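Engineer: Structure file run06.txt (compact mmCIF, C-alpha atoms) is given on the next line.
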```txt
# COMPACT_ATOMS: atom_id res chain seq x y z
CA MET A 156 -2.62 -19.91 5.88
CA GLU A 157 -5.86 -20.90 4.10
CA VAL A 158 -9.09 -19.14 5.04
CA ASP A 159 -12.53 -19.53 3.42
CA GLY A 160 -11.26 -20.30 -0.07
CA TYR A 161 -8.35 -17.87 0.05
CA LYS A 162 -4.67 -18.20 0.80
CA LEU A 163 -3.06 -15.59 3.03
CA TRP A 164 0.60 -14.73 2.81
CA PHE A 165 1.74 -12.71 5.82
CA SER A 166 4.90 -10.87 6.81
CA GLY A 167 5.31 -9.66 10.36
CA LYS A 168 6.54 -10.30 13.85
CA SER A 169 3.29 -11.78 15.10
CA ARG A 170 0.55 -13.64 13.26
CA TYR A 171 -2.13 -11.20 14.37
CA ARG A 172 -0.34 -7.88 14.78
CA ASN A 173 2.29 -5.59 13.26
CA GLY A 174 2.48 -6.91 9.76
CA VAL A 175 1.14 -6.91 6.21
CA GLY A 176 -0.55 -9.59 4.20
CA ILE A 177 -1.87 -10.45 0.77
CA LEU A 178 -4.97 -12.59 0.30
CA VAL A 179 -5.33 -14.56 -2.95
CA ASP A 180 -8.27 -16.61 -4.19
CA ARG A 181 -7.37 -20.31 -3.92
CA LYS A 182 -8.05 -20.68 -7.68
CA ARG A 183 -5.17 -18.26 -8.36
CA THR A 184 -2.56 -19.66 -5.94
CA ASP A 185 -0.96 -21.85 -8.60
CA GLN A 186 -0.25 -18.62 -10.53
CA VAL A 187 1.78 -17.15 -7.66
CA VAL A 188 5.42 -17.59 -8.69
CA GLU A 189 7.16 -15.54 -5.99
CA VAL A 190 6.50 -14.26 -2.47
CA ARG A 191 8.93 -11.77 -0.93
CA ARG A 192 8.64 -10.78 2.70
CA ILE A 193 10.75 -7.62 2.92
CA ASN A 194 9.92 -6.77 6.55
CA ASN A 195 6.85 -6.32 8.75
CA ARG A 196 5.74 -3.30 6.67
CA ILE A 197 6.33 -4.46 3.08
CA MET A 198 5.76 -7.68 1.17
CA THR A 199 5.24 -8.60 -2.47
CA ILE A 200 3.81 -11.42 -4.51
CA LYS A 201 4.25 -12.05 -8.21
CA LEU A 202 1.60 -13.79 -10.29
CA VAL A 203 1.76 -14.90 -13.90
CA ILE A 204 -1.68 -14.91 -15.50
CA GLY A 205 -1.66 -15.80 -19.17
CA GLY A 206 1.18 -13.78 -20.64
CA LEU A 207 0.93 -11.05 -18.00
CA THR A 208 3.17 -10.77 -14.93
CA LEU A 209 1.62 -8.90 -12.00
CA ASN A 210 3.57 -7.66 -8.98
CA ILE A 211 1.45 -6.79 -5.96
CA ILE A 212 2.98 -4.90 -3.06
CA SER A 213 1.32 -4.64 0.32
CA ALA A 214 2.68 -1.75 2.38
CA TYR A 215 1.95 -0.19 5.77
CA ALA A 216 3.73 3.13 6.23
CA PRO A 217 4.84 4.28 9.68
CA GLN A 218 2.31 6.52 11.34
CA VAL A 219 2.77 10.03 12.70
CA GLY A 220 4.81 10.08 15.89
CA LEU A 221 7.28 7.36 14.94
CA GLU A 222 10.95 8.22 14.56
CA GLU A 223 12.05 9.83 11.30
CA GLU A 224 14.63 7.06 10.84
CA ILE A 225 11.84 4.43 10.74
CA LYS A 226 9.94 6.49 8.15
CA ARG A 227 13.04 7.07 6.04
CA ARG A 228 13.90 3.36 6.06
CA PHE A 229 10.34 2.42 5.04
CA TRP A 230 10.43 4.70 1.97
CA GLU A 231 13.92 3.50 1.03
CA ASP A 232 12.80 -0.13 1.28
CA LEU A 233 9.66 0.52 -0.76
CA ASP A 234 11.64 2.44 -3.37
CA GLU A 235 14.12 -0.44 -3.64
CA VAL A 236 11.31 -2.97 -4.15
CA VAL A 237 9.57 -0.90 -6.83
CA VAL A 238 12.84 -0.23 -8.69
CA SER A 239 13.55 -3.98 -8.76
CA ILE A 240 10.40 -4.69 -10.80
CA PRO A 241 11.09 -4.85 -14.56
CA PRO A 242 9.18 -2.25 -16.59
CA THR A 243 7.65 -5.06 -18.68
CA GLU A 244 5.73 -6.28 -15.61
CA LYS A 245 2.61 -4.71 -14.11
CA LEU A 246 2.70 -3.17 -10.63
CA PHE A 247 -0.02 -2.65 -8.03
CA VAL A 248 0.78 -1.11 -4.66
CA GLY A 249 -1.83 -1.34 -1.94
CA GLY A 250 -1.78 -0.47 1.69
CA ASP A 251 -2.06 2.21 4.30
CA PHE A 252 0.29 5.11 3.64
CA ASN A 253 -0.85 7.30 6.56
CA ARG A 254 -0.88 10.35 4.33
CA HIS A 255 -3.35 13.08 3.36
CA ILE A 256 -3.28 13.89 -0.36
CA GLY A 257 -6.02 16.51 -0.06
CA TYR A 258 -9.09 17.08 -2.19
CA VAL A 259 -7.32 19.12 -4.88
CA SER A 260 -5.10 17.43 -7.46
CA MET A 261 -3.23 20.66 -8.27
CA GLY A 262 0.01 19.75 -10.03
CA TYR A 263 -0.62 16.02 -9.63
CA GLY A 264 -3.34 15.33 -12.20
CA GLU A 265 -1.64 12.17 -13.48
CA VAL A 266 -1.44 10.74 -9.94
CA HIS A 267 -4.42 12.26 -8.09
CA GLY A 268 -7.88 11.54 -9.49
CA GLY A 269 -9.47 14.65 -7.98
CA PHE A 270 -11.57 12.97 -5.28
CA GLY A 271 -9.40 13.30 -2.19
CA PHE A 272 -10.29 14.64 1.24
CA GLY A 273 -9.18 17.57 3.39
CA CYS A 274 -5.85 19.31 3.05
CA LYS A 275 -2.69 17.79 1.65
CA ASN A 276 0.11 17.42 4.20
CA GLY A 277 3.85 16.93 3.66
CA GLY A 278 3.44 13.18 3.71
CA GLY A 279 0.69 13.40 1.09
CA ALA A 280 2.93 15.44 -1.18
CA SER A 281 5.70 12.85 -0.85
CA LEU A 282 3.23 10.05 -1.67
CA LEU A 283 2.08 11.93 -4.77
CA ASP A 284 5.71 12.55 -5.75
CA PHE A 285 6.40 8.81 -5.31
CA GLY A 286 3.47 8.07 -7.64
CA LYS A 287 4.77 10.53 -10.24
CA VAL A 288 8.26 9.03 -10.22
CA PHE A 289 7.00 5.47 -10.72
CA GLY A 290 4.00 6.18 -12.97
CA LEU A 291 1.47 5.16 -10.31
CA MET A 292 -1.90 6.62 -9.38
CA VAL A 293 -3.71 6.93 -6.06
CA ALA A 294 -6.67 4.82 -7.15
CA ASN A 295 -8.82 5.75 -4.17
CA SER A 296 -8.81 9.35 -5.40
CA SER A 297 -10.36 8.35 -8.73
CA PHE A 298 -13.99 8.16 -7.65
CA PRO A 299 -16.33 10.04 -5.29
CA LYS A 300 -17.14 8.55 -1.92
CA LYS A 301 -19.95 9.05 0.54
CA GLU A 302 -19.11 11.50 3.33
CA GLU A 303 -19.04 8.71 5.94
CA HIS A 304 -16.44 6.81 3.88
CA LEU A 305 -13.96 9.67 3.50
CA VAL A 306 -12.24 9.03 6.84
CA THR A 307 -11.48 5.42 7.70
CA PHE A 308 -9.98 6.04 11.17
CA ARG A 309 -10.51 8.67 13.81
CA SER A 310 -8.38 8.80 16.92
CA SER A 311 -10.40 8.72 20.13
CA ARG A 312 -8.06 11.45 21.36
CA THR A 313 -8.77 13.82 18.49
CA VAL A 314 -11.49 16.41 18.96
CA MET A 315 -13.46 17.03 15.75
```
What is this structure when it is put down as structure tokens?

Structural biologist:
Amino acid sequence: MEVDGYKLWFSGKSRYRNGVGILVDRKRTDQVVEVRRINNRIMTIKLVIGGLTLNIISAYAPQVGLEEEIKRRFWEDLDEVVVSIPPTEKLFVGGDFNRHIGYVSMGYGEVHGGFGFGCKNGGGASLLDFGKVFGLMVANSSFPKKEEHLVTFRSSRTVM
């Protein structure tokens, strides 16, 4: 799909719901050499720019309340995709991981930039462990944010 000078690749059950997508500037679309739609939670594109090969993964982790089997399968699928990328190629993983990594980087300095929010939960620890294993960093934790930007979603059912 082309929208306002960009090309959208989408993977999901419906065009407007339950899926992930990657938007690329139309000037870069000829550099896209591969698009892989893994499922409605994970997709990848590969671009070759100059002599550099970039792999971009878009991921949407299952939220709290979903079955453990769904969560386990997501992490197995993501792990399989990341492992399949040659170490000579660059990797960027973006998405919503539905995790809390906390404001303290304790023990995760190479993965956590020190600008998190709140308390780390079990899911946050597993995300940080995932980053350690694959040499990734939680980029959003690398710079301070205004207080109003620390939380991107609040449930209408949650009392603050």

Engineer: Rank A:Ser296, A:Val219, A:Leu291, A:Glu235 by their smallest atom-to-atom distance to Gly257 in chain A, using all atoms listed in the file, and report the top residue only.

Structural biologist: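 Distance minimum relative to Gly257 in chain A lands on A:Ser296.
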
Engineer: Hey, could you make a per-residue contact list for range 223-299 of chain A against range 192-201 of chain A with 8 Å as the cut-off, showing the nearest pair of atoms and its distance in Å to one decimal, counting only C-alpha atoms, sorted by chain and number, as CSV?

Structural biologist:
```
residue,atom,partner,partner_atom,distance
A:Phe229,CA,A:Arg196,CA,7.5
A:Asp232,CA,A:Ile193,CA,7.9
A:Leu233,CA,A:Ile197,CA,7.1
```

Engineer: Quick one: distance from CA of Gly279 in chain A to CA of Ile211 in chain A in Å, one decimal?

Structural biologist: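 Calculated distance between CA of Gly279 in chain A and CA of Ile211 in chain A is 21.4 Å.
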
Engineer: Suppose you want the space between CA of Ser166 in chain A and CA of Val237 in chain A; what is it in Å?

Structural biologist: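 According to the coordinates, CA of Ser166 in chain A and CA of Val237 in chain A are separated by 17.5 Å.
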
Engineer: Find, counting all atoms listed in the file, the residue in A:Phe252, A:Glu265, A:Glu189, A:Lys182 that gets nearest to Val203 in chain A.

Structural biologist: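 Of all the options, A:Glu189 lies closest to Val203 in chain A.
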
Engineer: Quick one, how far is CA of Phe298 in chain A from CA of Ser260 in chain A?

Structural biologist: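 Separating CA of Phe298 in chain A from CA of Ser260 in chain A is a distance of 12.8 Å.
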
Engineer: Neighbourhood query: residues within 7 Å of (-3.7, 8.6, -11.3), file coordinates, counting all atoms listed in the file; return as a VMD selection string.

Structural biologist: chain A and resid 264 to 268 291 to 294

Engineer: Please produce a file of those selected residues containing C-alpha atoms, as a PDB file, keeping the file's coordinate frame.

Structural biologist:
```
ATOM      1  CA  GLY A 264      -3.340  15.330 -12.200  1.00  0.00           C
ATOM      2  CA  GLU A 265      -1.640  12.170 -13.480  1.00  0.00           C
ATOM      3  CA  VAL A 266      -1.440  10.740  -9.940  1.00  0.00           C
ATOM      4  CA  HIS A 267      -4.420  12.260  -8.090  1.00  0.00           C
ATOM      5  CA  GLY A 268      -7.880  11.540  -9.490  1.00  0.00           C
ATOM      6  CA  LEU A 291       1.470   5.160 -10.310  1.00  0.00           C
ATOM      7  CA  MET A 292      -1.900   6.620  -9.380  1.00  0.00           C
ATOM      8  CA  VAL A 293      -3.710   6.930  -6.060  1.00  0.00           C
ATOM      9  CA  ALA A 294      -6.670   4.820  -7.150  1.00  0.00           C
TER      10      ALA A 294
END
```

Engineer: Counting only C-alpha atoms, what is within 10 Å of Val158 in chain A, bar same-chain residues fewer than 3 positions away, as a ChimeraX atom specification?

Structural biologist: /A:161-163,178-181

Engineer: Store the residues of this selection in a file with C-alpha atoms, as a short mmCIF file (atom, residue, chain, number, x, y, z; two decimals), in the coordinates of the input.

Structural biologist:
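Ended up saving to out-v1.cif:
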```
data_model
loop_
_atom_site.label_atom_id
_atom_site.label_comp_id
_atom_site.auth_asym_id
_atom_site.auth_seq_id
_atom_site.Cartn_x
_atom_site.Cartn_y
_atom_site.Cartn_z
CA TYR A 161 -8.35 -17.87 0.05
CA LYS A 162 -4.67 -18.20 0.80
CA LEU A 163 -3.06 -15.59 3.03
CA LEU A 178 -4.97 -12.59 0.30
CA VAL A 179 -5.33 -14.56 -2.95
CA ASP A 180 -8.27 -16.61 -4.19
CA ARG A 181 -7.37 -20.31 -3.92
#
```

Engineer: Rank A:Pro217, A:Gly205, A:Gly278, A:Gly273 by their smallest atom-to-atom distance to Asp251 in chain A, using all atoms listed in the file, and report the top residue only.

Structural biologist: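 Among the listed residues, the smallest separation from Asp251 in chain A belongs to A:Pro217.
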
Engineer: Tell me which of A:Asn253, A:Leu283, A:Val248, A:Leu202 sits closest to Leu221 in chain A, counting only C-alpha atoms.

Structural biologist: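 Comparing A:Asn253, A:Leu283, A:Val248, A:Leu202 against Leu221 in chain A, the winner is A:Asn253.
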
Engineer: Which residue gives the smallest distance to Arg228 in chain A among A:Ala216, A:Met156, A:Gly269, A:Val175, with only C-alpha atoms counted?

Structural biologist: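 The shortest atom-to-atom distance to Arg228 in chain A comes from A:Ala216.
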